[in-house]
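my_file.cif (mmCIF, C-alpha atoms) appears below.
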```
data_target
loop_
_atom_site.label_atom_id
_atom_site.label_comp_id
_atom_site.auth_asym_id
_atom_site.auth_seq_id
_atom_site.Cartn_x
_atom_site.Cartn_y
_atom_site.Cartn_z
CA MET J 1 85.24 136.12 88.14
CA LEU J 2 84.59 135.69 91.85
CA ILE J 3 82.90 132.44 92.88
CA HIS J 4 81.42 132.86 96.36
CA ASN J 5 79.16 130.98 98.77
CA ALA J 6 81.05 127.80 97.88
CA ASN J 7 81.99 124.66 99.77
CA ILE J 8 85.32 123.84 98.16
CA ILE J 9 86.71 120.33 97.62
CA THR J 10 90.31 120.86 96.58
CA LEU J 11 91.26 117.26 95.62
CA GLY J 12 95.00 117.12 94.81
CA SER J 13 97.52 115.09 96.79
CA GLU J 14 96.26 116.45 100.12
CA PRO J 15 92.54 117.12 99.64
CA GLN J 16 90.76 119.62 101.84
CA ILE J 17 87.13 120.62 102.27
CA ILE J 18 86.70 124.36 102.82
CA SER J 19 83.26 125.42 103.99
CA GLY J 20 81.89 128.80 102.96
CA GLY J 21 84.85 129.71 100.75
CA ALA J 22 85.43 131.72 97.61
CA LEU J 23 87.62 131.52 94.50
CA TYR J 24 88.85 134.31 92.28
CA LEU J 25 89.51 133.29 88.67
CA GLU J 26 91.68 135.25 86.26
CA GLY J 27 93.25 134.33 82.93
CA GLY J 28 91.75 130.83 83.00
CA ARG J 29 93.38 130.00 86.34
CA ILE J 30 92.56 130.14 90.04
CA ALA J 31 94.20 133.35 91.24
CA ALA J 32 93.07 133.35 94.88
CA ILE J 33 91.29 131.20 97.46
CA GLY J 34 89.85 132.68 100.63
CA ALA J 35 86.88 133.98 102.55
CA PRO J 36 84.13 135.59 100.43
CA ALA J 37 84.28 138.97 102.18
CA GLU J 38 88.07 139.12 101.89
CA LEU J 39 88.12 138.31 98.16
CA ALA J 40 85.14 140.59 97.43
CA ALA J 41 87.05 143.47 99.03
CA ARG J 42 90.21 142.61 97.12
CA TYR J 43 88.46 142.26 93.75
CA PRO J 44 85.47 144.64 93.86
CA ALA J 45 85.07 144.82 90.06
CA ALA J 46 84.95 141.06 89.52
CA GLU J 47 81.91 139.40 87.99
CA LYS J 48 80.27 137.38 90.76
CA LEU J 49 79.05 133.81 90.48
CA ASP J 50 77.03 132.52 93.45
CA ALA J 51 77.66 128.81 94.07
CA ARG J 52 74.59 128.78 96.36
CA GLY J 53 76.32 126.53 98.88
CA HIS J 54 77.08 123.82 96.34
CA TYR J 55 80.35 121.92 96.42
CA VAL J 56 82.92 123.38 94.02
CA MET J 57 85.52 120.88 92.92
CA PRO J 58 87.78 120.13 89.94
CA GLY J 59 86.09 118.85 86.79
CA ALA J 60 86.34 115.14 86.06
CA ILE J 61 88.96 113.77 83.66
CA CYS J 62 88.54 110.85 81.23
CA ALA J 63 91.79 109.08 80.35
CA HIS J 64 90.50 107.08 77.34
CA THR J 65 87.40 107.53 75.19
CA HIS J 66 86.09 107.21 71.63
CA PHE J 67 83.91 110.08 70.41
CA TYR J 68 83.42 108.32 67.07
CA GLY J 69 81.39 105.54 68.71
CA ALA J 70 78.37 107.77 69.41
CA TYR J 71 76.38 106.41 66.48
CA ALA J 72 76.44 102.89 67.94
CA ARG J 73 73.71 103.84 70.41
CA GLY J 74 70.59 101.81 69.63
CA MET J 75 72.08 100.34 66.45
CA ALA J 76 71.34 96.72 65.49
CA ILE J 77 74.21 94.41 64.50
CA PRO J 78 73.23 92.21 61.53
CA GLY J 79 73.17 88.46 62.12
CA PRO J 80 73.47 86.61 65.42
CA ALA J 81 74.91 88.43 68.42
CA PRO J 82 78.73 88.56 68.48
CA ARG J 83 80.04 85.76 70.68
CA ASP J 84 83.24 87.49 71.85
CA PHE J 85 85.23 90.70 71.66
CA PRO J 86 87.01 89.93 68.34
CA GLN J 87 83.58 89.53 66.74
CA ILE J 88 82.42 92.79 68.33
CA LEU J 89 85.36 94.54 66.67
CA GLN J 90 84.74 92.91 63.29
CA ARG J 91 80.97 93.28 63.23
CA LEU J 92 80.37 96.53 65.15
CA TRP J 93 83.30 98.89 65.50
CA TRP J 94 85.22 98.33 62.29
CA PRO J 95 82.17 98.66 60.01
CA LEU J 96 81.00 101.69 62.00
CA ASP J 97 84.27 103.61 61.75
CA LYS J 98 84.23 103.05 57.96
CA ALA J 99 80.77 104.64 57.77
CA LEU J 100 81.94 108.02 59.09
CA ASP J 101 82.69 111.12 57.04
CA ALA J 102 83.72 114.61 58.17
CA GLU J 103 80.12 115.63 58.87
CA THR J 104 79.38 112.63 61.06
CA VAL J 105 82.79 112.76 62.76
CA ARG J 106 81.86 116.28 63.86
CA ALA J 107 78.34 115.27 64.94
CA SER J 108 79.56 112.29 66.96
CA ALA J 109 82.11 114.48 68.72
CA LEU J 110 79.59 117.18 69.56
CA VAL J 111 77.04 114.84 71.13
CA CYS J 112 79.80 113.39 73.32
CA LEU J 113 80.98 116.87 74.30
CA VAL J 114 77.44 117.88 75.30
CA ASP J 115 77.39 114.75 77.45
CA ALA J 116 80.74 115.65 79.01
CA ILE J 117 79.69 119.16 79.99
CA LYS J 118 76.42 117.95 81.50
CA HIS J 119 78.25 115.30 83.53
CA GLY J 120 81.02 117.63 84.72
CA THR J 121 83.87 116.10 82.69
CA THR J 122 86.17 118.90 81.59
CA SER J 123 89.15 117.01 80.09
CA LEU J 124 89.11 113.99 77.77
CA VAL J 125 91.70 111.82 76.03
CA ASP J 126 90.13 110.65 72.76
CA HIS J 127 91.21 107.86 70.40
CA HIS J 128 89.73 108.33 66.90
CA ALA J 129 89.17 106.15 63.83
CA SER J 130 87.44 106.98 60.51
CA PRO J 131 89.34 105.17 57.72
CA ASN J 132 87.31 106.81 54.95
CA CYS J 133 87.91 110.26 56.46
CA ILE J 134 91.46 110.40 57.81
CA ASP J 135 93.05 113.63 56.58
CA GLY J 136 91.91 116.53 58.76
CA SER J 137 89.65 114.36 60.95
CA LEU J 138 91.44 115.48 64.12
CA ASP J 139 90.96 119.12 63.12
CA VAL J 140 87.23 118.45 62.85
CA ILE J 141 87.18 116.99 66.36
CA GLY J 142 89.48 119.71 67.67
CA ALA J 143 87.16 122.41 66.34
CA ALA J 144 84.22 120.76 68.12
CA VAL J 145 86.20 120.61 71.38
CA SER J 146 87.10 124.29 71.03
CA GLU J 147 83.47 125.19 70.31
CA ALA J 148 82.42 123.33 73.45
CA GLY J 149 85.16 125.01 75.51
CA LEU J 150 86.53 121.75 76.92
CA ARG J 151 90.07 120.39 77.09
CA ALA J 152 91.15 117.32 75.06
CA VAL J 153 94.06 115.18 73.91
CA LEU J 154 93.42 113.75 70.42
CA CYS J 155 94.99 111.10 68.21
CA TYR J 156 94.21 109.01 65.13
CA GLU J 157 94.22 105.21 65.28
CA VAL J 158 96.92 103.78 62.97
CA THR J 159 96.16 100.23 61.83
CA ASP J 160 96.91 97.82 58.98
CA ARG J 161 93.37 96.56 58.64
CA ASP J 162 92.44 99.07 55.90
CA GLY J 163 95.66 98.75 53.89
CA GLN J 164 99.05 100.39 53.77
CA GLU J 165 97.95 103.64 52.15
CA LYS J 166 95.52 104.36 54.99
CA MET J 167 98.07 103.20 57.55
CA ARG J 168 100.47 105.84 56.23
CA ALA J 169 97.68 108.43 56.13
CA GLY J 170 97.03 107.73 59.82
CA ILE J 171 100.68 108.35 60.63
CA ALA J 172 100.56 111.64 58.73
CA GLU J 173 97.36 112.74 60.47
CA ASN J 174 98.84 112.14 63.92
CA LEU J 175 102.02 114.05 63.10
CA ARG J 176 100.17 116.93 61.47
CA PHE J 177 97.77 117.36 64.36
CA MET J 178 100.47 117.09 67.01
CA ARG J 179 102.15 120.09 65.37
CA ALA J 180 98.87 121.99 64.93
CA ALA J 181 97.72 121.43 68.51
CA ALA J 182 100.97 122.77 69.97
CA SER J 183 99.62 126.32 69.62
CA GLN J 184 96.16 125.53 71.07
CA PRO J 185 95.74 126.13 74.81
CA ARG J 186 93.04 123.47 75.36
CA LEU J 187 94.12 120.91 72.75
CA ALA J 188 97.04 118.49 72.65
CA GLY J 189 97.97 115.69 70.30
CA THR J 190 99.50 112.26 70.74
CA PHE J 191 100.13 109.34 68.34
CA GLY J 192 97.33 106.77 68.12
CA LEU J 193 97.79 103.08 67.40
CA HIS J 194 94.97 100.52 67.33
CA ALA J 195 96.48 97.39 68.91
CA SER J 196 99.26 94.91 68.40
CA LEU J 197 96.84 92.51 66.67
CA THR J 198 96.29 94.88 63.71
CA LEU J 199 99.85 96.19 63.33
CA SER J 200 102.69 94.47 61.49
CA ASP J 201 106.33 94.81 62.46
CA GLU J 202 106.84 97.09 59.45
CA SER J 203 104.02 99.40 60.50
CA LEU J 204 105.20 99.53 64.10
CA ARG J 205 108.68 100.43 62.92
CA ALA J 206 107.29 103.17 60.66
CA CYS J 207 105.31 104.64 63.58
CA ALA J 208 108.23 104.49 66.00
CA ASP J 209 110.55 106.13 63.49
CA ALA J 210 108.04 108.89 62.71
CA ILE J 211 107.26 110.09 66.20
CA PRO J 212 109.14 113.13 67.56
CA GLY J 213 111.28 112.88 70.68
CA GLY J 214 109.44 113.26 73.95
CA ALA J 215 106.10 112.21 72.46
CA GLY J 216 104.27 108.97 73.15
CA PHE J 217 101.59 106.66 71.82
CA HIS J 218 98.00 105.83 72.73
CA ILE J 219 97.26 102.13 72.09
CA HIS J 220 94.91 99.32 73.16
CA VAL J 221 96.74 96.53 74.98
CA ALA J 222 95.54 93.00 75.80
CA GLU J 223 91.90 94.01 76.04
CA HIS J 224 91.08 90.39 75.12
CA GLU J 225 93.19 87.22 75.05
CA ALA J 226 93.16 87.42 71.23
CA ASP J 227 95.69 90.27 71.37
CA GLU J 228 98.15 88.12 73.32
CA GLU J 229 97.50 85.07 71.11
CA ASP J 230 98.08 87.08 67.92
CA SER J 231 101.30 88.54 69.28
CA LEU J 232 102.62 85.09 70.19
CA ARG J 233 101.83 83.82 66.68
CA ARG J 234 103.49 86.84 65.04
CA SER J 235 106.58 87.17 67.15
CA GLY J 236 106.83 84.46 69.78
CA ALA J 237 106.43 87.17 72.41
CA ARG J 238 103.46 88.54 74.33
CA VAL J 239 102.07 91.99 73.47
CA VAL J 240 104.04 94.16 75.88
CA PRO J 241 107.52 92.73 75.09
CA ARG J 242 106.68 92.71 71.37
CA LEU J 243 105.81 96.41 71.42
CA ASP J 244 108.78 97.13 73.65
CA GLN J 245 111.09 96.02 70.82
CA PHE J 246 109.78 98.93 68.74
CA GLY J 247 110.12 101.60 71.42
CA ILE J 248 106.36 102.02 71.90
CA TRP J 249 106.65 102.19 75.71
CA ARG J 250 107.56 105.71 76.76
CA ASP J 251 106.69 107.94 79.67
CA ALA J 252 104.11 109.72 77.49
CA THR J 253 102.47 106.51 76.20
CA ILE J 254 98.95 105.45 77.24
CA ALA J 255 98.16 101.72 77.24
CA ALA J 256 94.39 101.24 77.35
CA HIS J 257 92.85 98.25 79.16
CA CYS J 258 95.74 95.82 79.92
CA VAL J 259 93.17 93.27 81.09
CA HIS J 260 95.25 90.22 80.16
CA ILE J 261 98.84 91.29 80.79
CA ASN J 262 100.94 89.14 83.11
CA GLU J 263 103.33 90.18 85.86
CA SER J 264 106.39 90.40 83.59
CA GLU J 265 104.48 92.62 81.17
CA ARG J 266 103.35 94.79 84.05
CA ASP J 267 106.98 95.19 85.13
CA ILE J 268 107.97 96.40 81.65
CA LEU J 269 105.21 99.02 81.69
CA ARG J 270 106.27 100.18 85.14
CA ARG J 271 109.94 100.46 84.19
CA ARG J 272 109.09 102.43 81.05
CA GLY J 273 106.81 104.81 82.96
CA VAL J 274 103.77 103.99 80.82
CA TRP J 275 100.29 105.25 81.73
CA VAL J 276 97.61 102.55 81.85
CA SER J 277 93.89 103.36 81.58
CA HIS J 278 91.13 101.19 83.05
CA GLN J 279 87.62 101.14 81.50
CA PRO J 280 85.42 98.91 83.70
CA ARG J 281 82.00 99.51 82.10
CA SER J 282 83.36 98.72 78.65
CA ASN J 283 85.22 95.65 79.92
CA MET J 284 82.00 94.35 81.48
CA ASN J 285 79.96 95.12 78.37
CA ASN J 286 82.43 93.30 76.09
CA GLY J 287 82.83 90.38 78.48
CA VAL J 288 86.63 90.61 78.39
CA GLY J 289 87.36 90.31 82.10
CA ALA J 290 88.61 92.62 84.83
CA ALA J 291 92.07 94.18 84.89
CA ASP J 292 94.10 93.69 88.08
CA ILE J 293 93.85 97.28 89.21
CA ASP J 294 94.93 96.61 92.79
CA GLY J 295 98.00 94.74 91.55
CA MET J 296 98.91 97.48 89.12
CA LEU J 297 98.58 100.20 91.74
CA ALA J 298 100.58 98.14 94.24
CA ALA J 299 103.29 97.80 91.57
CA ASP J 300 103.29 101.61 91.17
CA ILE J 301 101.85 101.55 87.67
CA LYS J 302 100.46 104.94 86.67
CA LEU J 303 96.90 103.65 86.44
CA CYS J 304 94.16 106.00 85.25
CA LEU J 305 90.41 105.80 84.62
CA GLY J 306 88.68 106.16 81.26
CA ASN J 307 85.30 105.24 79.79
CA ASP J 308 86.08 103.78 76.31
CA GLY J 309 83.23 105.74 74.73
CA PHE J 310 80.56 105.05 77.34
CA SER J 311 78.82 108.13 78.71
CA ASN J 312 81.12 110.80 80.10
CA ASN J 313 79.67 110.28 83.56
CA MET J 314 82.99 109.50 85.22
CA TRP J 315 81.43 108.93 88.65
CA ALA J 316 79.58 105.99 87.08
CA GLU J 317 83.01 104.71 86.02
CA TRP J 318 84.28 105.15 89.60
CA LYS J 319 81.39 103.02 90.89
CA ALA J 320 81.85 100.35 88.21
CA ALA J 321 85.57 100.07 88.95
CA TYR J 322 84.84 99.75 92.66
CA LEU J 323 82.20 97.04 92.25
CA LEU J 324 83.68 95.02 89.37
CA GLN J 325 86.73 93.96 91.36
CA LYS J 326 84.65 92.83 94.30
CA VAL J 327 82.34 90.60 92.30
CA THR J 328 85.11 89.27 90.04
CA HIS J 329 87.26 88.17 92.98
CA ARG J 330 84.38 87.60 95.42
CA ASP J 331 86.33 89.71 97.87
CA PRO J 332 84.85 92.97 99.27
CA ARG J 333 88.35 94.16 100.18
CA ARG J 334 89.28 94.63 96.54
CA ALA J 335 89.36 98.10 94.95
CA ASP J 336 89.55 100.14 98.13
CA GLY J 337 87.93 103.54 97.74
CA MET J 338 91.29 105.26 98.09
CA ASN J 339 92.63 103.20 95.18
CA ILE J 340 89.71 104.31 93.01
CA ALA J 341 90.45 107.91 94.00
CA ARG J 342 94.14 107.42 93.27
CA MET J 343 93.25 106.38 89.73
CA ALA J 344 90.47 108.80 89.02
CA TRP J 345 91.69 112.06 90.48
CA GLN J 346 95.41 111.79 91.26
CA ASN J 347 96.68 109.80 88.27
CA ASN J 348 94.18 111.23 85.77
CA SER J 349 95.34 114.69 86.81
CA ARG J 350 99.00 113.73 86.45
CA LEU J 351 98.29 112.34 82.98
CA LEU J 352 96.65 115.54 81.78
CA ARG J 353 99.54 117.59 83.10
CA ARG J 354 101.85 115.47 80.94
CA PHE J 355 100.06 116.86 77.88
CA PHE J 356 99.45 120.36 79.26
CA PRO J 357 102.74 120.99 81.09
CA ARG J 358 101.98 124.66 81.73
CA GLU J 359 98.79 123.82 83.64
CA THR J 360 98.07 122.34 87.04
CA ILE J 361 94.94 120.34 86.26
CA GLY J 362 92.65 118.41 88.58
CA GLU J 363 93.01 120.34 91.82
CA ILE J 364 91.92 123.60 93.38
CA SER J 365 95.03 125.55 94.30
CA VAL J 366 96.37 129.00 93.51
CA GLY J 367 97.69 128.94 89.94
CA ALA J 368 95.79 125.79 88.95
CA ALA J 369 93.64 125.67 85.83
CA ALA J 370 90.09 126.86 86.55
CA ASP J 371 88.46 123.59 85.43
CA LEU J 372 85.62 123.42 87.94
CA ILE J 373 82.19 121.98 88.59
CA PHE J 374 79.45 122.84 91.07
CA VAL J 375 77.73 119.86 92.70
CA ASP J 376 74.41 120.12 94.56
CA TYR J 377 75.18 117.41 97.11
CA GLN J 378 73.57 117.45 100.54
CA PRO J 379 75.49 115.04 102.81
CA PHE J 380 73.54 113.56 105.70
CA THR J 381 76.64 112.10 107.37
CA PRO J 382 79.92 113.95 108.06
CA MET J 383 82.10 114.39 104.98
CA THR J 384 85.83 114.81 105.51
CA ALA J 385 88.98 114.56 103.42
CA GLY J 386 89.44 111.09 104.90
CA ASN J 387 86.10 109.67 103.81
CA LEU J 388 85.61 111.74 100.65
CA PRO J 389 86.14 108.82 98.22
CA TRP J 390 83.23 106.93 99.79
CA HIS J 391 80.93 109.95 99.54
CA LEU J 392 81.88 110.19 95.87
CA LEU J 393 81.24 106.46 95.36
CA PHE J 394 78.00 106.18 97.30
CA GLY J 395 76.55 109.69 97.35
CA PHE J 396 77.62 111.88 94.45
CA GLU J 397 75.72 111.52 91.17
CA ALA J 398 76.36 113.26 87.86
CA SER J 399 72.77 114.57 87.94
CA MET J 400 73.90 116.78 90.83
CA VAL J 401 76.31 118.76 88.59
CA THR J 402 74.79 122.20 88.10
CA THR J 403 77.66 124.25 86.64
CA THR J 404 80.70 123.36 84.54
CA ILE J 405 83.68 125.67 83.97
CA CYS J 406 86.81 125.02 81.90
CA ALA J 407 89.81 127.37 81.87
CA GLY J 408 87.65 129.97 83.59
CA GLU J 409 84.89 129.87 80.94
CA VAL J 410 81.42 128.94 82.14
CA LEU J 411 80.16 126.17 79.83
CA MET J 412 77.03 125.26 81.81
CA ARG J 413 75.31 127.34 84.46
CA ASP J 414 72.41 126.08 86.55
CA ARG J 415 72.21 123.08 84.18
CA LYS J 416 71.82 125.32 81.10
CA LEU J 417 74.47 124.79 78.40
CA LEU J 418 76.03 128.07 77.29
CA THR J 419 78.51 127.11 74.57
CA LEU J 420 76.58 124.32 72.81
CA ASP J 421 72.95 124.03 71.73
CA GLU J 422 72.06 120.53 72.86
CA ALA J 423 68.72 120.34 71.06
CA GLU J 424 70.16 121.53 67.74
CA ILE J 425 73.17 119.20 68.01
CA ALA J 426 70.83 116.28 68.70
CA ARG J 427 68.61 117.22 65.73
CA GLU J 428 71.60 117.43 63.39
CA ALA J 429 73.05 114.15 64.63
CA LEU J 430 69.67 112.42 64.32
CA ALA J 431 69.24 113.66 60.74
CA LEU J 432 72.61 112.12 59.82
CA ALA J 433 72.04 108.81 61.63
CA PRO J 434 70.14 107.00 58.83
CA LYS J 435 73.05 107.62 56.45
CA VAL J 436 75.56 106.31 58.99
CA TRP J 437 73.48 103.25 59.81
CA GLU J 438 72.90 102.44 56.13
CA LYS J 439 76.64 102.60 55.39
CA TYR J 440 77.42 100.65 58.54
CA SER J 441 74.92 97.93 57.64
CA GLN J 442 76.46 97.49 54.21
CA TYR J 443 79.99 97.17 55.63
CA ALA J 444 78.76 94.86 58.39
CA ARG J 445 76.90 92.58 55.95
CA ASP J 446 79.90 92.45 53.64
CA GLY J 447 82.12 91.41 56.54
CA PHE J 448 79.59 88.92 57.87
#
```

Mind converting the file's structure to structure tokens?
Amino acid sequence: MLIHNANIITLGSEPQIISGGALYLEGGRIAAIGAPAELAARYPAAEKLDARGHYVMPGAICAHTHFYGAYARGMAIPGPAPRDFPQILQRLWWPLDKALDAETVRASALVCLVDAIKHGTTSLVDHHASPNCIDGSLDVIGAAVSEAGLRAVLCYEVTDRDGQEKMRAGIAENLRFMRAAASQPRLAGTFGLHASLTLSDESLRACADAIPGGAGFHIHVAEHEADEEDSLRRSGARVVPRLDQFGIWRDATIAAHCVHINESERDILRRRGVWVSHQPRSNMNNGVGAADIDGMLAADIKLCLGNDGFSNNMWAEWKAAYLLQKVTHRDPRRADGMNIARMAWQNNSRLLRRFFPRETIGEISVGAAADLIFVDYQPFTPMTAGNLPWHLLFGFEASMVTTTICAGEVLMRDRKLLTLDEAEIAREALALAPKVWEKYSQYARDGF
């Protein structure tokens, strides 16, 4: 395929803006970058895709999400509103994940994947939980990802809260899927853990002993003070040193949130090469606080950007990350635009390459994965590589995404989905919602 009439934003470590350029795609990768006439002459038989002067740039990447949370939209929580994050877990998320079966796991994944394509997010790192549907649940999600044509890293959340049999089933599901995904070009597996506060020493040891060499974990860390308080009660140590004793911190491990870690914990994560993901909209919604993203980046933590199951509009996450720090600290110098870019395009890209080592993801360069979006943005001030982050923060909107491509396959063209039927997926999900909500309500009332 030859993409022509394009204004190219390369991103990468040294971003460039190339006006009136063209890209030739072959075998799911970018095979050539150049002038339209030159590439048209070199590849006369190529299918042509006119970008119509839109900006062509790498697709967005989400470093931490939860497809299974889709059915929470519009759902009422029985009783008075939860007063803090531990109550939100107990009265919303834990009853909801129990209500899911294979059919609704698939439906919740598909509606999130539709959302990702429409918002130009081509790669996602998901963290799944469905304690009454563990075995094969990651295959169900993986099949939905493959149907959509996107790229994803999947895991199952191991926890003690549903008993030892289901804890062991979660371990088995992670290991099975990690092996199965090894042969899938757009899927990868990692080993999911819920959080220190729902994992005993025995369970942590079982997980650490089970995981193959070179692999890592995906775990929530100090999202709320309760995680630190629980760890101190259990072990006399804070969360990060407690988990360090079990070998959880590896250079392939993702630690989500880290809102309440201290400087010594941060140093452990840095030394171990752990990836940390920041989810500002979720942190605001749950009232848990704001992670010290400037401090983590200054300490050379590999800090990434996720959405924690909010919409897959990652530019909205950029904006939230930028603004949250300023209002929290009452300091407009916080969260410099370049720091947001460092998280959202540089580190997110590096993270995905950790799971897809044969691919260069998140940049436009010869040989890179052809994960691309077209953006109908009309700048009315000069846009350069130097001020690009501020155009993305203050100008770009996900509604401007017109075309989404992953591994060279066009998933949406001129805002029309090609691999998924949005209306049918919404109808099917809506038909299943009463069953999910009824089951959820029963579990929630029992817990309340």

(request) Using only C-alpha atoms, determine which residues lie at most 9 Å from stretch 217-229 of chain J, disregarding the query and same-chain residues fewer than 4 positions distant; provide the list as an NGL selection string. (result) :J and (64 or 84-86 or 127 or 155 or 157 or 190-198 or 211 or 233-234 or 237-240 or 248-250 or 252-261 or 283 or 287-289 or 291)

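In this model, the gap between atom CA of J:Ala41 and atom CA of J:Val366 comes to 18.1 Å.
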
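For the pair atom CA of J:Met178 and atom CA of J:Leu154, the interatomic distance is 8.5 Å.
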
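Every residue within 10 Å of the file position (83.0, 102.8, 85.9), judged by all atoms listed in the file, is given as His278, Gln279, Pro280, Arg281, Ser282, Asn283, Met284, Leu305, Gly306, Asn307, Phe310, Ser311, Asn313, Met314, Trp315, Ala316, Glu317, Trp318, Lys319, Ala320, Ala321, Tyr322, Leu323, Leu324 and Ile340 of chain J.
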
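Of the residues under consideration (J:Gly170, J:Gly273, J:Pro15, J:Gly189), J:Pro15 shows the shortest atom-to-atom contact distance to J:Ile364 when counting only C-alpha atoms.
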
(request) For the structure provided, state which residues fall under the PyMOL selection byres ((chain J and resi 3) around 12), and present them as number ranges by chain. (result) J: 1-2, 4-8, 20-26, 30-37, 39-40, 43, 46-57, 370, 372-374, 403, 405, 408, 410

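Between atom CA of J:Gly120 and atom CA of J:Trp93 the interatomic distance comes to 26.9 Å.
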
Compile a residue-level contact table for stretch 369-411 of chain J against stretch 101-115 of chain J at a cut-off of 12 Å, reporting for every qualifying residue the shortest atom pair and its distance in Å to one decimal, with all atoms listed in the file counted, rows ordered by chain and ascending number, as JSON lines.
```
{"residue": "J:Ala398", "atom": "CA", "partner": "J:Asp115", "partner_atom": "CA", "distance": 10.6}
{"residue": "J:Ser399", "atom": "CA", "partner": "J:Asp115", "partner_atom": "CA", "distance": 11.5}
{"residue": "J:Val401", "atom": "CA", "partner": "J:Asp115", "partner_atom": "CA", "distance": 11.9}
{"residue": "J:Thr404", "atom": "CA", "partner": "J:Val114", "partner_atom": "CA", "distance": 11.2}
{"residue": "J:Leu411", "atom": "CA", "partner": "J:Val114", "partner_atom": "CA", "distance": 9.8}
```

Could you work out an axis-aligned bounding box for all listed atoms of stretch 372-380 of chain J, with 3 Å added on each of the six sides, and give its centre and edge lengths in Å to one decimal, as JSON?
```
{"center_x": 79.6, "center_y": 118.5, "center_z": 96.8, "size_x": 18.1, "size_y": 15.9, "size_z": 23.8}
```

(request) Name the residues that the PyMOL selection byres ((chain J and resi 99) around 7) pulls out of this structure, and write them as a list in words. (result) Pro95, Leu96, Asp97, Lys98, Leu100, Asp101, Val436, Lys439 and Tyr440 of chain J

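You can rank J:Ala172, J:Ala129, J:Ala144, J:Leu243 by their closest distance to J:Thr159 using all atoms listed in the file, and at the top of that list sits J:Ala129.
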
(request) Just the residues within 9 Å of J:Ala368, please, counting only C-alpha atoms, with nothing from its chain fewer than 4 positions along; format it as number ranges by chain. (result) J: 28-31, 359-364

(message) Show me, as number ranges by chain, the residues that have an atom within 7 Å of J:Asn347 when counting all atoms listed in the file, minus same-chain residues fewer than 6 positions from it.
(response) J: 302-304

(request) Report the residues retrieved by the PyMOL selection byres ((chain J and resi 356) around 12) from the displayed file, expressed as a PyMOL selection string. (result) chain J and resi 123+125+151-153+181-190+252+349-355+357-362+368-369

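Among the candidates J:Ala299, J:Ile18, J:Ala341, J:Met412, the residue lying nearest to J:Leu388 is J:Ala341 (atoms considered: all atoms listed in the file).
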
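Closest approach to J:Gln90 from the set J:Leu417, J:Ala148, J:Arg161, J:Ile134 is made by J:Arg161, with distances taken over all atoms listed in the file.
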
(request) Write out as a VMD selection string each polymer residue whose atoms come within 12 Å of J:Asp300, counting all atoms listed in the file; drop sequence neighbours fewer than 6 positions from it. (result) chain J and resid 266 to 276 293 to 294 339 342 to 343 347

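Shortest separation to J:Gln87 among J:Asn286, J:Thr419, J:Gln378, J:Thr65 occurs at residue J:Asn286, atoms counted being only C-alpha atoms.
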